[in-house]
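Okay, structure-v2.cif now, which holds mmCIF, C-alpha atoms and all ligand atoms:
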data_start
loop_
_atom_site.label_atom_id
_atom_site.label_comp_id
_atom_site.auth_asym_id
_atom_site.auth_seq_id
_atom_site.Cartn_x
_atom_site.Cartn_y
_atom_site.Cartn_z
CA MET F 122 107.00 102.33 102.52
CA SER F 123 106.96 99.27 100.24
CA THR F 124 104.30 96.63 100.87
CA SER F 125 107.00 94.22 101.98
CA SER F 126 108.48 96.57 104.59
CA GLU F 127 104.98 97.46 105.75
CA LEU F 128 104.22 93.76 106.32
CA GLN F 129 107.59 93.24 108.01
CA ALA F 130 107.04 96.15 110.41
CA THR F 131 103.62 94.80 111.40
CA VAL F 132 104.94 91.27 111.94
CA GLU F 133 107.74 92.61 114.15
CA ALA F 134 105.27 94.65 116.19
CA LEU F 135 102.99 91.64 116.69
CA ALA F 136 105.56 88.92 117.34
CA ARG F 137 107.37 90.55 120.27
CA LYS F 138 108.58 87.95 122.80
CA GLY F 139 106.51 87.76 125.96
CA MET F 140 103.49 89.33 124.31
CA GLY F 141 100.39 88.00 122.59
CA ILE F 142 97.18 89.00 120.85
CA LEU F 143 93.76 89.74 122.33
CA ALA F 144 90.91 88.36 120.21
CA ALA F 145 87.97 90.73 120.77
CA ASP F 146 86.34 90.07 117.41
CA GLU F 147 83.27 88.08 118.41
CA SER F 148 80.63 88.28 115.70
CA GLY F 149 77.12 89.61 116.45
CA PRO F 150 75.64 86.21 117.40
CA THR F 151 78.73 85.17 119.42
CA ILE F 152 78.95 88.33 121.53
CA ALA F 153 75.17 88.08 122.09
CA LYS F 154 75.72 84.56 123.47
CA ARG F 155 78.57 85.71 125.74
CA PHE F 156 76.59 88.74 126.99
CA LYS F 157 73.50 86.61 127.62
CA ALA F 158 75.56 84.42 129.96
CA ILE F 159 76.26 87.48 132.15
CA GLY F 160 72.74 88.92 131.81
CA VAL F 161 73.65 91.77 129.48
CA GLU F 162 71.68 92.69 126.37
CA SER F 163 73.77 92.84 123.20
CA THR F 164 73.11 96.44 122.09
CA GLU F 165 75.58 98.48 120.06
CA GLU F 166 76.14 100.72 123.11
CA ASN F 167 76.84 97.77 125.44
CA ARG F 168 79.30 96.29 122.96
CA ARG F 169 81.01 99.67 122.62
CA ALA F 170 81.15 100.21 126.38
CA TYR F 171 82.59 96.75 127.04
CA ARG F 172 85.18 96.80 124.28
CA SER F 173 86.25 100.40 125.13
CA LEU F 174 86.84 99.22 128.67
CA LEU F 175 89.02 96.30 127.49
CA LEU F 176 91.11 98.47 125.19
CA ALA F 177 91.61 101.20 127.78
CA THR F 178 92.99 98.75 130.38
CA PRO F 179 96.01 100.47 131.97
CA GLY F 180 99.23 98.59 131.28
CA LEU F 181 97.67 96.23 128.71
CA GLY F 182 100.27 97.22 126.11
CA GLN F 183 102.92 95.58 128.27
CA TYR F 184 101.57 92.11 127.42
CA ILE F 185 99.32 92.58 124.40
CA SER F 186 100.92 93.41 121.06
CA GLY F 187 97.77 93.33 118.91
CA VAL F 188 93.99 93.23 119.16
CA ILE F 189 91.59 91.64 116.70
CA LEU F 190 88.48 93.76 116.34
CA TYR F 191 85.09 93.10 114.78
CA GLU F 192 84.10 95.40 111.91
CA GLU F 193 81.61 97.33 114.07
CA THR F 194 84.32 98.14 116.66
CA LEU F 195 86.58 99.63 114.01
CA GLY F 196 84.08 102.48 113.67
CA GLN F 197 83.28 102.96 117.38
CA LYS F 198 84.62 105.57 119.78
CA ALA F 199 85.64 105.63 123.44
CA ASP F 200 83.69 107.86 125.86
CA ASP F 201 86.04 110.78 125.13
CA GLY F 202 85.47 110.49 121.38
CA GLU F 203 88.75 108.79 120.44
CA ALA F 204 88.30 106.11 117.75
CA LEU F 205 88.89 102.66 119.29
CA PRO F 206 91.57 101.59 116.77
CA ALA F 207 93.41 104.86 117.50
CA LEU F 208 93.11 104.22 121.25
CA ALA F 209 94.69 100.77 120.82
CA ALA F 210 97.47 102.12 118.61
CA ARG F 211 98.24 104.90 121.10
CA LEU F 212 98.77 102.24 123.79
CA GLY F 213 101.19 100.35 121.52
CA ILE F 214 98.64 97.69 120.53
CA VAL F 215 98.36 97.03 116.79
CA PRO F 216 94.71 97.02 115.63
CA GLY F 217 93.54 94.13 113.44
CA ILE F 218 90.25 93.03 111.94
CA LYS F 219 88.29 89.81 111.49
CA VAL F 220 87.50 89.74 107.78
CA ASP F 221 85.79 86.39 107.24
CA ALA F 222 82.00 86.36 107.00
CA GLY F 223 81.52 83.26 109.17
CA LYS F 224 80.92 79.62 108.36
CA ILE F 225 78.15 77.74 106.61
CA PRO F 226 77.57 74.02 106.00
CA LEU F 227 79.74 72.71 103.16
CA ALA F 228 77.35 71.57 100.45
CA LEU F 229 77.09 67.78 99.98
CA CYS F 230 79.46 67.18 102.91
CA PRO F 231 77.26 66.49 105.95
CA GLY F 232 78.92 67.70 109.16
CA ASP F 233 81.60 69.79 107.46
CA GLU F 234 81.71 73.57 107.33
CA ILE F 235 83.30 76.16 105.08
CA THR F 236 84.18 79.80 105.81
CA GLN F 237 82.97 82.46 103.40
CA GLY F 238 83.86 86.09 102.72
CA LEU F 239 86.33 86.20 99.81
CA ASP F 240 84.13 88.16 97.39
CA GLY F 241 84.96 91.87 97.59
CA LEU F 242 87.64 91.26 100.26
CA ALA F 243 90.30 93.39 98.52
CA GLN F 244 87.94 96.39 98.48
CA ARG F 245 86.88 95.87 102.09
CA LEU F 246 90.53 95.72 103.16
CA GLU F 247 91.15 99.19 101.73
CA GLY F 248 88.42 100.59 103.98
CA TYR F 249 89.65 98.65 107.05
CA LYS F 250 93.17 99.92 106.46
CA GLN F 251 92.00 103.51 106.29
CA ARG F 252 90.39 102.99 109.69
CA GLY F 253 93.65 101.74 111.18
CA ALA F 254 93.71 97.94 110.74
CA ARG F 255 97.19 96.56 109.99
CA PHE F 256 96.48 92.85 110.22
CA ALA F 257 93.53 90.54 109.59
CA LYS F 258 92.09 87.21 110.70
CA TRP F 259 90.20 84.44 108.89
CA ARG F 260 88.98 81.39 110.82
CA ALA F 261 88.34 77.98 109.27
CA VAL F 262 86.70 75.34 111.48
CA TYR F 263 86.97 71.58 111.32
CA ASN F 264 84.50 69.31 113.11
CA VAL F 265 86.08 66.08 114.31
CA SER F 266 84.67 62.53 114.34
CA ASP F 267 85.84 59.16 112.99
CA ARG F 268 84.99 60.37 109.47
CA LEU F 269 85.18 64.18 109.82
CA PRO F 270 86.56 66.40 108.47
CA SER F 271 86.19 65.09 104.92
CA ARG F 272 88.97 65.44 102.36
CA ALA F 273 86.78 67.98 100.53
CA ALA F 274 86.45 70.16 103.65
CA VAL F 275 90.18 70.05 104.39
CA GLU F 276 91.01 71.09 100.81
CA ALA F 277 88.28 73.72 100.43
CA ASN F 278 89.13 75.46 103.71
CA ALA F 279 92.86 75.43 102.95
CA GLU F 280 92.19 77.00 99.56
CA ALA F 281 90.02 79.74 101.12
CA LEU F 282 92.61 80.47 103.84
CA ALA F 283 95.36 80.77 101.24
CA ARG F 284 93.34 83.01 98.93
CA TYR F 285 92.48 85.25 101.89
CA ALA F 286 96.14 85.41 102.96
CA ALA F 287 97.28 86.31 99.44
CA ILE F 288 94.69 89.10 99.16
CA CYS F 289 95.78 90.49 102.53
CA GLN F 290 99.48 90.49 101.68
CA GLU F 291 98.83 92.21 98.36
CA ALA F 292 97.07 94.96 100.33
CA GLY F 293 99.92 95.28 102.87
CA VAL F 294 97.84 93.68 105.64
CA VAL F 295 99.38 90.81 107.66
CA PRO F 296 97.13 87.74 107.56
CA ILE F 297 96.52 85.60 110.62
CA VAL F 298 95.74 82.15 109.25
CA GLU F 299 93.44 80.36 111.69
CA PRO F 300 92.60 76.70 111.13
CA GLU F 301 90.64 75.60 114.21
CA VAL F 302 90.23 71.88 114.83
CA LEU F 303 87.29 71.94 117.21
CA ILE F 304 87.56 70.66 120.79
CA ASP F 305 83.90 69.49 120.76
CA GLY F 306 83.34 65.75 120.65
CA ASP F 307 84.51 62.56 122.32
CA HIS F 308 87.57 61.97 120.14
CA SER F 309 90.97 61.12 121.63
CA GLN F 310 94.02 63.36 121.66
CA ALA F 311 95.57 61.02 119.07
CA ARG F 312 92.63 61.65 116.71
CA CYS F 313 93.02 65.41 117.23
CA ALA F 314 96.72 65.08 116.36
CA GLU F 315 95.93 63.12 113.19
CA VAL F 316 93.35 65.67 112.01
CA THR F 317 95.49 68.69 112.93
CA GLU F 318 98.50 67.30 111.05
CA GLY F 319 96.42 66.70 107.91
CA VAL F 320 94.82 70.13 108.13
CA LEU F 321 98.12 72.01 108.58
CA ARG F 322 99.82 70.07 105.79
CA GLU F 323 97.04 71.08 103.42
CA VAL F 324 97.02 74.70 104.63
CA PHE F 325 100.75 75.12 103.98
CA ASN F 326 100.46 73.44 100.56
CA ALA F 327 97.76 75.95 99.62
CA LEU F 328 99.72 78.92 101.01
CA GLN F 329 102.67 77.94 98.86
CA ARG F 330 100.44 77.47 95.78
CA HIS F 331 99.11 81.02 96.28
CA HIS F 332 102.59 82.56 96.73
CA VAL F 333 101.97 83.65 100.32
CA ALA F 334 105.17 84.90 102.01
CA LEU F 335 105.42 82.76 105.14
CA GLU F 336 107.61 85.41 106.79
CA HIS F 337 104.71 87.85 106.62
CA MET F 338 101.90 85.85 108.19
CA LEU F 339 101.03 84.48 111.62
CA LEU F 340 99.54 81.05 112.28
CA LYS F 341 96.70 80.75 114.80
CA PRO F 342 96.10 77.04 115.35
CA SER F 343 94.27 75.04 117.96
CA MET F 344 96.34 72.95 120.37
CA VAL F 345 96.37 69.17 120.14
CA VAL F 346 93.98 68.31 122.97
CA SER F 347 91.50 65.55 123.81
CA GLY F 348 87.91 66.09 122.71
CA LYS F 349 85.94 67.81 125.49
CA ALA F 350 83.80 64.70 126.05
CA HIS F 351 86.65 62.18 125.89
CA ALA F 352 87.17 60.15 129.08
CA LEU F 353 90.91 60.84 129.20
CA GLN F 354 91.95 64.48 129.22
CA ALA F 355 95.53 65.17 128.14
CA THR F 356 97.79 66.88 130.71
CA PRO F 357 99.66 70.11 129.85
CA ALA F 358 102.84 68.05 129.29
CA GLU F 359 100.98 65.77 126.85
CA VAL F 360 99.33 68.71 125.08
CA ALA F 361 102.74 70.38 124.72
CA THR F 362 104.51 67.28 123.38
CA GLU F 363 101.81 66.34 120.88
CA THR F 364 101.16 69.90 119.69
CA LEU F 365 104.85 70.52 119.07
CA ARG F 366 105.26 67.18 117.32
CA VAL F 367 102.51 68.14 114.86
CA LEU F 368 103.72 71.72 114.40
CA ARG F 369 107.33 70.68 113.80
CA ARG F 370 106.17 68.27 111.10
CA THR F 371 104.02 70.80 109.28
CA VAL F 372 104.91 74.47 109.94
CA PRO F 373 107.98 75.84 108.13
CA ALA F 374 110.52 77.73 110.25
CA ALA F 375 109.93 80.81 108.09
CA VAL F 376 106.65 81.46 109.94
CA PRO F 377 107.63 84.02 112.61
CA SER F 378 105.01 83.37 115.24
CA ILE F 379 102.38 80.83 116.23
CA ASN F 380 99.61 82.36 118.33
CA PHE F 381 97.20 79.75 119.66
CA LEU F 382 93.45 80.16 120.07
CA SER F 383 91.94 78.96 123.36
CA GLY F 384 88.99 77.19 121.74
CA GLY F 385 87.01 76.36 124.89
CA GLN F 386 89.90 75.67 127.29
CA SER F 387 89.55 77.36 130.67
CA PRO F 388 91.77 80.42 131.23
CA GLU F 389 94.00 78.37 133.58
CA GLU F 390 94.30 75.45 131.13
CA ALA F 391 95.18 77.77 128.26
CA SER F 392 97.98 79.37 130.30
CA ALA F 393 99.32 76.03 131.59
CA ASN F 394 99.34 74.44 128.13
CA LEU F 395 101.10 77.38 126.48
CA ASP F 396 103.61 77.47 129.32
CA ALA F 397 104.34 73.74 129.00
CA MET F 398 105.18 74.22 125.31
CA ASN F 399 107.54 77.09 126.01
CA ARG F 400 109.31 75.01 128.66
CA LEU F 401 110.26 72.42 126.03
CA GLY F 402 113.10 74.61 124.81
CA PRO F 403 113.64 76.87 121.83
CA GLN F 404 111.47 76.27 118.76
CA PRO F 405 111.76 77.72 115.24
CA TRP F 406 108.88 80.12 115.91
CA VAL F 407 107.64 82.35 118.73
CA LEU F 408 104.93 80.40 120.59
CA SER F 409 102.34 82.74 122.01
CA PHE F 410 98.61 83.33 122.34
CA SER F 411 95.72 84.95 120.52
CA TYR F 412 93.03 84.11 123.03
CA GLY F 413 89.44 85.28 123.12
CA ARG F 414 87.61 83.52 125.94
CA ALA F 415 90.74 82.58 127.91
CA LEU F 416 91.64 86.28 128.19
CA GLN F 417 88.18 87.78 128.44
CA ASP F 418 86.04 85.40 130.51
CA PRO F 419 87.12 86.60 133.97
CA ALA F 420 86.93 90.24 132.81
CA MET F 421 83.42 89.75 131.46
CA GLN F 422 82.34 88.06 134.71
CA ALA F 423 83.71 91.01 136.69
CA TRP F 424 81.93 93.56 134.47
CA ARG F 425 78.43 92.11 133.99
CA GLY F 426 77.32 95.32 132.33
CA HIS F 427 78.10 97.59 135.29
CA ALA F 428 80.23 100.65 134.53
CA ALA F 429 81.11 100.81 138.26
CA GLN F 430 82.88 97.43 137.87
CA GLY F 431 85.20 98.85 135.20
CA ASP F 432 88.32 98.70 137.37
CA HIS F 433 87.67 95.07 138.33
CA CYS F 434 87.04 94.15 134.72
CA GLN F 435 90.30 95.74 133.62
CA ALA F 436 92.24 94.17 136.50
CA ALA F 437 90.93 90.72 135.50
CA LEU F 438 91.98 91.23 131.87
CA ARG F 439 95.38 92.58 132.88
CA LYS F 440 95.97 89.54 135.09
CA ARG F 441 95.21 87.03 132.31
CA ALA F 442 97.34 89.05 129.88
CA ARG F 443 100.23 89.07 132.36
CA LEU F 444 99.96 85.33 133.10
CA ASN F 445 99.81 84.46 129.40
CA GLY F 446 102.74 86.79 128.77
CA ALA F 447 104.63 84.71 131.35
CA ALA F 448 103.41 81.46 129.73
CA SER F 449 104.72 82.63 126.38
CA GLN F 450 108.17 82.64 127.99
CA GLY F 451 107.78 79.40 129.96
CA ALA F 452 107.63 81.40 133.19
CA TYR F 453 104.03 80.78 134.33
CA THR F 454 103.32 78.87 137.53
CA ALA F 455 99.97 77.78 138.99
CA ALA F 456 100.87 79.78 142.10
CA MET F 457 100.58 82.97 140.05
CA GLU F 458 96.83 82.32 139.81
CA SER F 459 96.33 83.25 143.46
CA GLU F 460 98.29 86.51 143.19
CA ALA F 461 96.33 89.70 142.55
P1 LIG S 501 88.98 81.68 121.62
O1 LIG S 501 90.34 81.87 122.23
O2 LIG S 501 87.85 82.00 122.55
O3 LIG S 501 88.86 80.35 120.94
O4 LIG S 501 88.84 82.76 120.49
C1 LIG S 501 89.89 82.97 119.62
C2 LIG S 501 89.36 83.32 118.30
O5 LIG S 501 89.70 84.35 117.76
C3 LIG S 501 88.44 82.38 117.66
O6 LIG S 501 88.30 82.73 116.32
#
Transcribe the structure of this file into structure tokens.
Ligand code: 13P
Amino acid sequence: MSTSSELQATVEALARKGMGILAADESGPTIAKRFKAIGVESTEENRRAYRSLLLATPGLGQYISGVILYEETLGQKADDGEALPALAARLGIVPGIKVDAGKIPLALCPGDEITQGLDGLAQRLEGYKQRGARFAKWRAVYNVSDRLPSRAAVEANAEALARYAAICQEAGVVPIVEPEVLIDGDHSQARCAEVTEGVLREVFNALQRHHVALEHMLLKPSMVVSGKAHALQATPAEVATETLRVLRRTVPAAVPSINFLSGGQSPEEASANLDAMNRLGPQPWVLSFSYGRALQDPAMQAWRGHAAQGDHCQAALRKRARLNGAASQGAYTAAMESEA
């Protein structure tokens, strides 16, 4: 298969209507933080047990088209010895891999951050591919204030995202391009819109400069929301209108699918906001989800490290997947929250 048809096949598998992506790629420190909140120690065995449980959820493949894994998970096995990426693939869920090496402060730009991990990426991708990964993810983060992010941070992160995406496409791996404008802070929704528009404009300039085929990538943006500490919180209708205004100004129609991150929204908010967007009529792209916390939080709460709670954990994940599947078609209602 040519690289182009390989990329096309992966995009088609991921961007199926009514389905979205499960982000289960928390880094070592992040999963430790999440486990600590439920009183579970972050050992390799606990991470394996939890993530095996998620992936083996009966019926998950009905709503989840792809799963983003952390490098460690790519090499782990389910209780019966099946490799976890193979387990996902068998259930119709395309395995993917987080390939960035996390963020560090951007030198001489107080408050800004830059994502690293480009050195040796082409070689690493070969290994990930052999272990079953067909798509990748790289997350850039932007802190928001009156003066942040700086011009330098917007340009440097766009350049890194574009170089990552080009390296992935050359290797036949579909890149998920993730610019996350952080929800933390007391900024208004209007300020979030202004920053998001500037960030996306720069990201697509850089992607074009690096010859990235827009047809063979997915965008994973944050929604245009009010800062968490802002006095006025935008409603789902306002989030939908403002997010779509920004996306329509900046994201070419050639991009097949936009899969939002949840970024600190509650599971219910993330479903309601995605639903509100899909109720605003047809858009040039599929509008779906690639949630981490908004899919996993209830499942993690149900599990709390107890194998005996496995069924409850899986039921909680399946419910969020089903509700977000509905939201990705504009068919979610708050009443669905009280159904099993
Ligand atoms: P959240 O949905 O929890 O923001 O996670 C998505 C993700 O992959 C962040 O990089």
Ligand LIG 501 (chain S): which residues are within 10 Å, counting all atoms listed in the file, as JSON, numbers by chain?
{"F": [142, 143, 144, 145, 146, 147, 148, 188, 189, 190, 219, 223, 258, 259, 260, 261, 262, 297, 299, 300, 301, 303, 304, 341, 342, 343, 380, 381, 382, 383, 384, 385, 386, 387, 388, 391, 410, 411, 412, 413, 414, 415, 416, 417, 418]}
Residues at most 7 Å from Leu444 of chain F, counting all atoms listed in the file, excluding those fewer than 3 positions away in the same chain, as a PyMOL selection string?
chain F and resi 392+440-441+447-448+453
Residues from the last selection, C-alpha atoms, saved as a tab-separated table (two decimals), keeping the file's coordinate frame:
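So the final result, stored in result.tsv, reads:
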chain	number	residue	atom	x	y	z
F	392	SER	CA	97.98	79.37	130.30
F	440	LYS	CA	95.97	89.54	135.09
F	441	ARG	CA	95.21	87.03	132.31
F	447	ALA	CA	104.63	84.71	131.35
F	448	ALA	CA	103.41	81.46	129.73
F	453	TYR	CA	104.03	80.78	134.33
Give me, as CSV, each residue of segment 189-230 of chain F that comes within 8 Å of segment 154-178 of chain F, together with its shortest interatomic pair and the distance in Å at one decimal, counting only C-alpha atoms, with rows ordered by chain and rising residue number.
residue,atom,partner,partner_atom,distance
F:Thr194,CA,F:Arg169,CA,7.0
F:Gln197,CA,F:Arg169,CA,6.6
F:Lys198,CA,F:Arg169,CA,7.5
F:Ala199,CA,F:Ser173,CA,5.5
F:Asp200,CA,F:Ser173,CA,7.9
F:Leu205,CA,F:Ser173,CA,6.8
F:Leu208,CA,F:Leu176,CA,7.3
F:Ala209,CA,F:Leu176,CA,6.1
Save out the residues we just selected, C-alpha atoms, as an mmCIF file, keeping the file's coordinate frame.
data_model
loop_
_atom_site.group_PDB
_atom_site.id
_atom_site.type_symbol
_atom_site.label_atom_id
_atom_site.label_comp_id
_atom_site.auth_asym_id
_atom_site.auth_seq_id
_atom_site.Cartn_x
_atom_site.Cartn_y
_atom_site.Cartn_z
ATOM 1 C CA THR F 194 84.320 98.140 116.660
ATOM 2 C CA GLN F 197 83.280 102.960 117.380
ATOM 3 C CA LYS F 198 84.620 105.570 119.780
ATOM 4 C CA ALA F 199 85.640 105.630 123.440
ATOM 5 C CA ASP F 200 83.690 107.860 125.860
ATOM 6 C CA LEU F 205 88.890 102.660 119.290
ATOM 7 C CA LEU F 208 93.110 104.220 121.250
ATOM 8 C CA ALA F 209 94.690 100.770 120.820
#
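Excluding segment 305-314 of chain F itself and same-chain residues fewer than 4 positions from it, the residues having an atom within 7 Å of it are Val265, Ser266, Glu318, Val345, Val346, Ser347, Gly348, Lys349, Ala350, His351, Ala355, Glu363 and Val367 of chain F, counting all atoms listed in the file.
Nearest-residue note for Met122 of chain F: choosing from F:Asn399, F:Gly293, F:Arg284, F:Ala429, the minimum distance belongs to F:Gly293, counting all atoms listed in the file.
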Exercise: residues within 6 Å of coordinate (95.8, 76.5, 99.8), counting only C-alpha atoms, as JSON, numbers by chain:
{"F": [279, 280, 283, 324, 326, 327, 328]}
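Atom pair atom CA of Glu458 of chain F / atom CA of Asn394 of chain F: separated by 14.3 Å.
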Hey, what's within 12 Å of Gln183 of chain F if we count all atoms listed in the file and toss same-chain stuff fewer than 3 positions away? As a PyMOL selection string, please?
chain F and resi 137-142+178-180+186-187+212-214+439-440+442-447
Selection to disk with C-alpha atoms, as a CSV table (one decimal), in the coordinates of the input:
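Contents of selection_11.csv, as written:
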chain,number,residue,atom,x,y,z
F,137,ARG,CA,107.4,90.6,120.3
F,138,LYS,CA,108.6,88.0,122.8
F,139,GLY,CA,106.5,87.8,126.0
F,140,MET,CA,103.5,89.3,124.3
F,141,GLY,CA,100.4,88.0,122.6
F,142,ILE,CA,97.2,89.0,120.8
F,178,THR,CA,93.0,98.8,130.4
F,179,PRO,CA,96.0,100.5,132.0
F,180,GLY,CA,99.2,98.6,131.3
F,186,SER,CA,100.9,93.4,121.1
F,187,GLY,CA,97.8,93.3,118.9
F,212,LEU,CA,98.8,102.2,123.8
F,213,GLY,CA,101.2,100.4,121.5
F,214,ILE,CA,98.6,97.7,120.5
F,439,ARG,CA,95.4,92.6,132.9
F,440,LYS,CA,96.0,89.5,135.1
F,442,ALA,CA,97.3,89.0,129.9
F,443,ARG,CA,100.2,89.1,132.4
F,444,LEU,CA,100.0,85.3,133.1
F,445,ASN,CA,99.8,84.5,129.4
F,446,GLY,CA,102.7,86.8,128.8
F,447,ALA,CA,104.6,84.7,131.4
All residues 10 Å or closer to Glu323 of chain F, all atoms listed in the file, same chain fewer than 6 positions away omitted, as a list of chain:residue names
F:Arg272, F:Val275, F:Glu276, F:Ala277, F:Asn278, F:Ala279, F:Glu280, F:Thr317, F:Gln329, F:Thr371
Excluding Arg255 of chain F and any residue of its chain fewer than 6 positions from it, enumerate the residues within 10 Å of it, using only C-alpha atoms, and give them as a list of chain:residue names.
F:Glu127, F:Leu128, F:Ala130, F:Thr131, F:Val132, F:Gly187, F:Val215, F:Pro216, F:Gly217, F:Ile218, F:Leu246, F:Tyr249, F:Cys289, F:Ala292, F:Gly293, F:Val294, F:Val295, F:Pro296
